[in-house]
Structure formats: C-alpha cells, structure tokens
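Everything below concerns the one structure shown next.
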2 protein chains.
Amino acid sequence: MISIKDLARLAGVSPSTISRAVNGKKYVKPEIRERVLALVKETGYVPNNAARSMVLQRTFTVGIVIPDTFNMFQRQLFSTIERSLEGFGYRTMFYFVKWEAESELKCLRRLKAEKLDGIIMLHEVTHPSFYEYLADGAPPVVLCTFSREGLTFHSVHVDEVAAAKAGMAHLIGLGHRRIGLVSGIHFSFGAQRAEGYRAALDAAGIDYDENWTVFVPSYTLEEGRLGMKRLLERGAGLTALFAATDELAIGAVRALHEAGLSVPDDVSVVGFDDIDITEYLAPALTTIRQPIQEMGGKTAAIMSELIAGEKKNEGSTVLGFELVVRESRRPAEAARRPA
Amino acid sequence: MISIKDLARLAGVSPSTISRAVNGKKYVKPEIRERVLALVKETGYVPNNAARSMVLQRTFTVGIVIPDTFNMFQRQLFSTIERSLEGFGYRTMFYFVKWEAESELKCLRRLKAEKLDGIIMLHEVTHPSFYEYLADGAPPVVLCTFSREGLTFHSVHVDEVAAAKAGMAHLIGLGHRRIGLVSGIHFSFGAQRAEGYRAALDAAGIDYDENWTVFVPSYTLEEGRLGMKRLLERGAGLTALFAATDELAIGAVRALHEAGLSVPDDVSVVGFDDIDITEYLAPALTTIRQPIQEMGGKTAAIMSELIAGEKKNEGSTVLGFELVVRESRRPAEAARRPA
DNA sequence: GTGAAAGCGCTAACAC
DNA sequence: GTGTTAGCGCTTTCAC
C-alpha cells in the first residue's frame with residue numbers, strides 16, 4: 001500500500017503538502033493541488049486510518065452497540081442510523097454483544113481500544129463498569145430505544161408503557177376481556193410493555209389473572225411459539241393475546257395454528273414494533289409501530305451535535321408510536337373458540 | 001484514556017516491560033508481570049488499537065462486505081461468521097455497500113484505509129477496480145455465497161443451479177407442469193437459480209413459456225408481492241411457483257392471498273434459503289436450505305488459514321443443500337384454481 | 001506556499 | 001530480564 005511519503009516523492013513535494021492537498025486545506029498552490037489530486041487518483045492512494053487517528057486523536061467513527069441476536073426491528077433501525085451517520089460524515093463500527101457479563105466486558109475493552117467519536121447504545125447492558133465508562137471517560141453517548149433512570153444520557157425512544165397500553169386498549173375496545181401476554185424477562189422494554197398491559201387491564205376494570213401471562217428468556221420466534229403453548233396448556237379461555245414484540249407474536253400465531261385455532265377467528269393477536277414482514281403475514285399482524293426512520297435519524301442527529309459540541313444538556317427525546325390495525329384481530333363476540 | 005507510558009510510570013518499569021507483560025511475552029519476571037497485570041485491571045488500561053496496528057502493520061480484524069439491504073439469510077450468515085472469526089481471535093468490521101458504483105468505490109477506499117487481515121465478501125460487487133484490488137494488493141479474500149469465474153479467489157457456496165433444480169424437481173414430481181418463477185435481476189445467484197429452473201423444466205420435457213417468469217429489481221418482500229401480481233395478471237394458469245429467495249416467496253404468497261387464492265390449495269410455492277421464519281409462516285414454506293452454520297464456519301476457517309499463511313491454492317468449497325418440505329406445496333392434481 | 005521536524009501510542013530490535 | 005531507541009504514517013506547528 002502506497003504511503004504519503006511515496007506520493008510526496010512521486011509528486012516532487014513534501015508530505016506536508018500532500019497532506020494539505022488531500023485534506024483540502026489552504027496554502028497549496030492550485031496547480032500543485034491539482035497535480036497531487038491527479039496522482040492520488042492514479043495511484044489509488046488512501047490515507048491510513050490508524051496513522052490519521054493516532055495524530056488526530058479521533059476516528060470519525062461512531063460505535064454502535066447492539067445485541068448479537070438483534071431482531072428485525074433493530075436490524076432496520078441500525079441501517080437507518082448507519083445511513084444517517086454517513087450523511088453527517090461519520091463511519092460506523094458495530095459491536096455485537098451477548099447477554100452475558102463476559103461479552104459486555106469484552107465489548108467494553110474494544111470500545112476503549114478505539115478512539116471513537118461517539119457511542120450509540122441499541123442495547124441495554126448490565127455490567128456496572130460499562131455504564132461507569134459511558135458516564136465518565138467515554139465519548140458522547142446516545143441511548144436508542146431505551147433510557148436509563150438515574151443516569152443522564154441522551155436517549156431516544158417511545159413511551160413503551162403508553163404504547164403497550166394503546167395496543168391493549170384496542171383489544172379491550174374490541175370487547176376482549178381475557179387477554180394473554182407473552183413478554184420477555186430481559187431488557188427494560190419487556191417489563192415496560194408488560195406494565196402497559198397491566199395498566200390497560202386495570203383501567204378497564206378487568207381483574208388480572210396471572211395465568212394469562214408468560215415471560216420467555218428471549219425475543220425469538222421460537223420463544224413466542226413456546227410461550228403461547230404454555231398459555232394454551234393453562235386453558236385460560238383467552239380470546240386475545242398481546243405480544244411484546246412482533247417476533248413473539250409471529251411465534252404465538254404459529255402455536256395457535258398448531259393447536260388448530262384460528263387467528264383472528266378464535267384468538268386476536270397484537271404485536272409490537274411493526275417490522276417489515278408483519279403486513280405480509282397471514283393474517284397480517286396488528287401491531288404498534290415504532291417510528292424507525294425517525295428514531296434512527298434523530299439518534300444520528302443528536303450524536304452529530306454532541307460530537308460537534310453543540311449540545312450539552314442531556315435529556316430524553318420521546319417519539320410517538322402508532323397503532324397499526326391489520327387482520328389479526330376481531331371483536332371478542334366473534335371469537336368462536338377461546339384458547 | 002491512560003497510555004502505556006502512564007502505566008509504566010505507575011508500575012515503575014519501562015513501557016517495553018508493560019508491553020511484554022500485557023501481550024504475554026516471555027522475559028518478564030513473574031512478580032513484575034503480576035504487578036503489571038494487577039495495575040492493568042485496576043486502571044482499566046487497554047492498548048490503543050491505532051498505535052498497535054500502526055507498528056504491527058495489521059489489525060487482527062477481518063472486513064466483511066455485505067449489501068446494506070442484507071436479507072435475513074445474510075443476516076444469519078454474518079452472525080455465524082462473526083462468531084467463528086471471534087473464535088479464531090479476529091475482530092470483525094462490517095462494510096455495508098449499496099448496489100451502485102459510488103458506494104462500492106467508497107467501500108473500497110475504506111477497505112484500503114485499514115490494514116485489514118482479511119476480507120470476506122458476502123456481496124458481489126461490480127466495479128472492476130474493486131476486484132482489481134482484491135486480486136492484487138488486498139489481504140486474503142474469501143467469497144461467501146458466490147464465486148467468480150475467471151478470478152481465483154477462495155469461495156464458499158452451494159451449487160445454486162443444482163439446488164434450484166432440486167426445488168423444481170420436487171414440484172415437478174408433485175405433478176406440476178405450469179410452474180412460475182420470481183427471481184431478481186441482480187447478483188449471480190438470481191441468474192443461477194433461474195438457470196436451475198429452466199434446466200429442471202427442460203429435463204422434464206416441459207415447454208418453457210416466458211410468461212411464467214418475472215425478474216424483479218431487488219429481493220424484498222414487496223418485490224415478491226409485486227412480481228407475483230404481475231404473474232397473476234398474465235393469467236398463465238400456474239399451479240406452482242418457484243421463488244429465488246424466501247423473501248420473494250413470502251411476498252408472492254401474500255399476493256396470492258390478496259388475489260383470493262390459497263397456498264397450497266390453489267398454488268404451491270417453493271422458496272430458497274430456509275431463513276428462520278419460514279417454518280412459522282402460514283403455510284410454513286417449503287424451501288431449499290443453505291447450510292448457514294457450515295457456510296459461516298467454513299468461511300471463517302478458510303480465512304483463518306489464509307491469514308496464518310497455511311493455505312495457498314485458491315479454490316471453491318461447494319457445500320450441500322437440502323430440500324425442506326413443509327406446508328406450502330401440494331400435488332398438482334389437487335390444485336383447485338390455478339393462477 | 002512550502003518543507004523540516006516533532007510526536008501521537010505502541011512494539012521490537014538491540015543494548016545492557 | 002529490562003530499558004533505550006527507532007519507527008510505523010500521518011498532521012501540524014514553526015521556520016523559511
């Protein structure tokens with residue numbers, strides 16, 4: 001790989017001049033600049049990032065921390081963030097972390113080894129030393145899809161509790177009373193969406209029955225299926241189900257089908273996130289839409305301001321959600337055979 | 001961020017000793033090594049990657065080039081590669097590239113700016129200068145999911161033509177004669193799977209009708225839906241459909257449903273890839289399974305050998321595929337209302 | 001406008 | 001076993 005010195009020799013100027021020309025700085029005679037740029041194109045010279053970040057003490061790179069099992073919602077989200085960040089002139093480096101202390105620590109070490117310009121967390125971590133680093137010593141941080149009480153980071157997310165409540169209100173409005181819940185034990189959104197579920201039940205004066213809810217170890221299709229199976233075994237006579245994510249909902253619908261039940265004729269189902277595939281399913285899934293584009297764009301924009309030093313006071317940016325009604329729900333009185 | 005010099009001062013030794021201790025080299029008195037390691041833990045010192053790769057002339061990082069619109073198959077694949085590579089001690093850096101020259105060139109510049117230990121292509125690029133770089137001047141390269149004629153890279157993939165033929169043979173064996181195809185215009189697998197489609201038709205002595213096939217601009221759910229709609233408008237009386245990817249198949253099934261047709265009662269559908277969600281769909285999708293785990297593992301293993309210099313002669317590693325029969329197909333005679 | 005020189009943080013000879 | 005030194009490729013003062 002050709003270096004700045006090689007290029008300097010070829011151009012018959014000093015490395016400083018090459019540097020100035022390549023980086024578009026002033027004080028380079030136009031004709032020399034042109035000659036250098038032509039040579040750059042010809043030789044395919046690209047400045048070495050390591051050397052550059054070494055002297056600049058920065059990398060023009062934003063790290064994105066994301067669960068290694070990222071779901072389709074997160075997948076769509078990180079693409080929009082990546083694209084927005086690119087628009088602001090930043091590169092992106094992904095850090096996939098598992099839900100375990102060792103993996104988090106490893107990620108933390110990698111984060112520290114790089115002079116990142118910023119860090120976006122698309123993933124809640126648990127290790128205290130991770131947050132310690134983020135709060136003190138790390139470059140600017142933005143939490144996306146969640147916030148953290150007591151800690152003062154910028155965060156971009158929806159009101160999870162209210163959103164879950166809205167989904168539930170829809171089912172309740174349809175006349176459903178016996179509504180199940182499949183949520184997960186990890187991540188705060190699992191608890192928050194469950195909280196919205198409970199709040200909606202309370203608000204409607206429906207007595208909550210703990211037989212109606214199940215909490216699974218991860219937000220996968222298979223866990224959705226398994227969770228619904230457990231619910232079915234309890235024979236609680238549910239006419240509707242609220243799932244904490246679309247993946248869980250899809251798995252649950254499958255379990256219902258396997259049990260010979262129809263969605264929505266027997267059981268109505270509402271999911272959460274509004275991932276791409278929901279509208280292609282049979283039945284198309286009713287769900288709560290998180291504003292993915294807006295979330296990603298906003299996150300990138302805040303990060304960019306933070307890096308530029310234009311923003312200081314931390315705070316939450318709470319975005320709106322939207323109930324998207326599709327085919328997977330029906331008025332309760334129509335339910336033929338509750339689960 | 002604390003540096004090696006700071007640590008040296010704290011430990012009362014020279015930077016060299018710190019370096020030796022941290023990197024587990026010989027020639028460090030056990031007690032000093034211990035003291036240094038304790039200090040490392042205490043201070044949270046992590047060697048700066050830029051400085052390290054600067055002197056080592058390598059990064060212990062493998063670049064993975066992947067389409068920015070990567071589908072679920074590629075998503076699953078890159079996770080397994082990432083994990084395997086991690087097992088071999090390599091970090092991973094993703095390069096998302098769009099299907100356009102400018103994006104490829106940009107990716108190329110980023111690739112050059114880093115002293116990567118290797119590059120894995122999960123994405124076919126088109127720009128000649130990209131392949132020029134890969135063939136000459138780049139670190140070791142492995143192509144995954146495709147190969148490239150005339151160029152001598154290591155590649156790991158399935159026999160796309162044979163796999164598509166197998167999918168088609170299944171439909172033909174079920175008595176189907178009028179079989180549609182939805183494939184894409186980009187990437188060689190789109191053409192290869194279409195070739196397998198044609199070959200199977202030929203082998204069965206079925207006269208091909210160009211009204212049966214449609215090529216869409218991208219492999220998305222929506223393009224699958226649109227493609228199937230176009231096919232439906234032609235009224236070719238299809239009793240089965242072969243889709244070049246599962247996403248396309250899912251979209252096509254949706255179009256069929258929207259047209260009031262049943263899968264598989266009216267039309268049988270076979271996809272390709274066997275992404276996670278296929279078995280949760282209604283109907284569960286019959287498809288060709290690519291051995292994702294094996295592909296990812298093999299790709300990482302070859303890359304690791306290449307970097308270690310243990311492997312030289314390039315060549316293709318062709319992995320087996322498998323027809324996975326699920327609910328989306330039915331014997332032709334059962335077809336009630338062809339499309 | 002341009003070049004010489006210093007230095008970013010680290011590792012690897014090479015002395016000792 | 002350990003410290004000193006040079007240098008990886010680049011940018012940026014500071015002379016000129």
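Convention: chains lettered A, B, ... in structure tokens order; per-chain residue numbering from 1; ligands numbered from 1 as shown.
Proximity to DG3 of chain D at 12 Å, evaluated using only C-alpha atoms (C1' of nucleotides) and with sequence-adjacent residues fewer than 5 positions away removed, yields Ala8, Gly12, Val13, Ser14, Pro15, Ser16, Thr17 and Ile18 of chain B; DC14, DA15 and DC16 of chain C.
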Show me, as a PDB file with C-alpha atoms (C1' of nucleotides), in the first residue's frame, the residues of chain C whose atoms get within 7 Å of chain B, using only C-alpha atoms (C1' of nucleotides) for the distance check.
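Once written, result_21.pdb looks like this:
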```
ATOM      1  C1'  DG C   9       0.959   5.103  21.460  1.00  0.00           C
ATOM      2  C1'  DC C  10       2.794   1.229  20.683  1.00  0.00           C
ATOM      3  C1'  DT C  11       6.239  -2.877  19.672  1.00  0.00           C
TER       4       DT C  11
END
```
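The protein and nucleic acid residues lying at most 12 Å from DA5 of chain C are Ser16 of chain A; DT11, DT12, DT13, DC14 and DA15 of chain D, with only C-alpha atoms (C1' of nucleotides) considered and sequence neighbours fewer than 6 positions away removed.
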Mind the document's chain letters and residue numbers, and return as a ChimeraX atom specification the residues of segment 28-243 of chain B that DSSP labels helix (DSSP H, G or I).
-> /B:30-43,49-56,72-87,101-113,128-135,160-173,188-203,210-212,221-233
Counting only C-alpha atoms (C1' of nucleotides), what are the residues of chain D within 8 Å of chain B, and for each of them which pair of atoms is the nearest and at what distance in Å, to one decimal? Sort the table by chain and rising number, as CSV.
```
residue,atom,partner,partner_atom,distance
D:DG1,C1',B:Tyr27,CA,5.5
D:DT2,C1',B:Thr17,CA,7.0
D:DG3,C1',B:Ser14,CA,6.2
D:DG7,C1',B:Val55,CA,7.9
D:DC8,C1',B:Val55,CA,4.4
D:DG9,C1',B:Met54,CA,7.7
```
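Nearest to chain A of all the residues B:Gly118, B:Gly251, B:Pro67, B:Pro30 is B:Gly251, counting only C-alpha atoms.
Using only C-alpha atoms, the chain B residues found within 8 Å of chain A amount to Met1, Val46, Pro47, Asn48, Asn49, Ala50, Ala51, Ser53, Met54, Asp68, Ser79, Met93, Phe94, Arg109, Lys112, Ala113, Glu114, Lys115, Gly137, Leu221, Ile250, Gly251, Arg254, Ile277, Tyr280, Leu281 and Ala282 of chain B.
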Polymer residues at most 9 Å from segment 203-211 of chain B, only C-alpha atoms (C1' of nucleotides), same-chain spacing of 5 or more positions, as a ChimeraX atom specification | /B:169,172,177-178,180,198,231,234-236
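Pairwise distance (atom CA of Tyr197 of chain B, atom CA of Lys165 of chain B) equals 5.7 Å.
Closest approach to DG1 of chain C among A:Ala21, A:Ile66, A:Leu323, A:Ile275 is made by A:Ala21 (distances from only C-alpha atoms (C1' of nucleotides)).
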Counting only C-alpha atoms (C1' of nucleotides), what is within 6 Å of Val324 of chain B, bar same-chain residues fewer than 5 positions away, as a ChimeraX atom specification?
-> /B:286-288
Atoms to include: C-alpha atoms. Write the selected residues as a PDB file, in the first residue's frame.
```pdb
ATOM      1  CA  THR B 286     -41.154 -25.403   1.505  1.00  0.00           C
ATOM      2  CA  THR B 287     -37.676 -24.273   0.593  1.00  0.00           C
ATOM      3  CA  ILE B 288     -34.065 -25.116  -0.203  1.00  0.00           C
TER       4      ILE B 288
END
```
Each residue of segment 187-269 of chain B with at least one atom at most 9 Å from segment 145-157 of chain B should appear once, together with its nearest atom pair and the corresponding distance in Å (one decimal); atoms considered: only C-alpha atoms; ordering: chain, then increasing residue number; output as a tab-separated table.
```
residue	atom	partner	partner_atom	distance
B:Phe187	CA	B:Phe146	CA	9.0
B:Ser188	CA	B:Phe146	CA	7.6
B:Phe189	CA	B:Phe146	CA	7.3
```
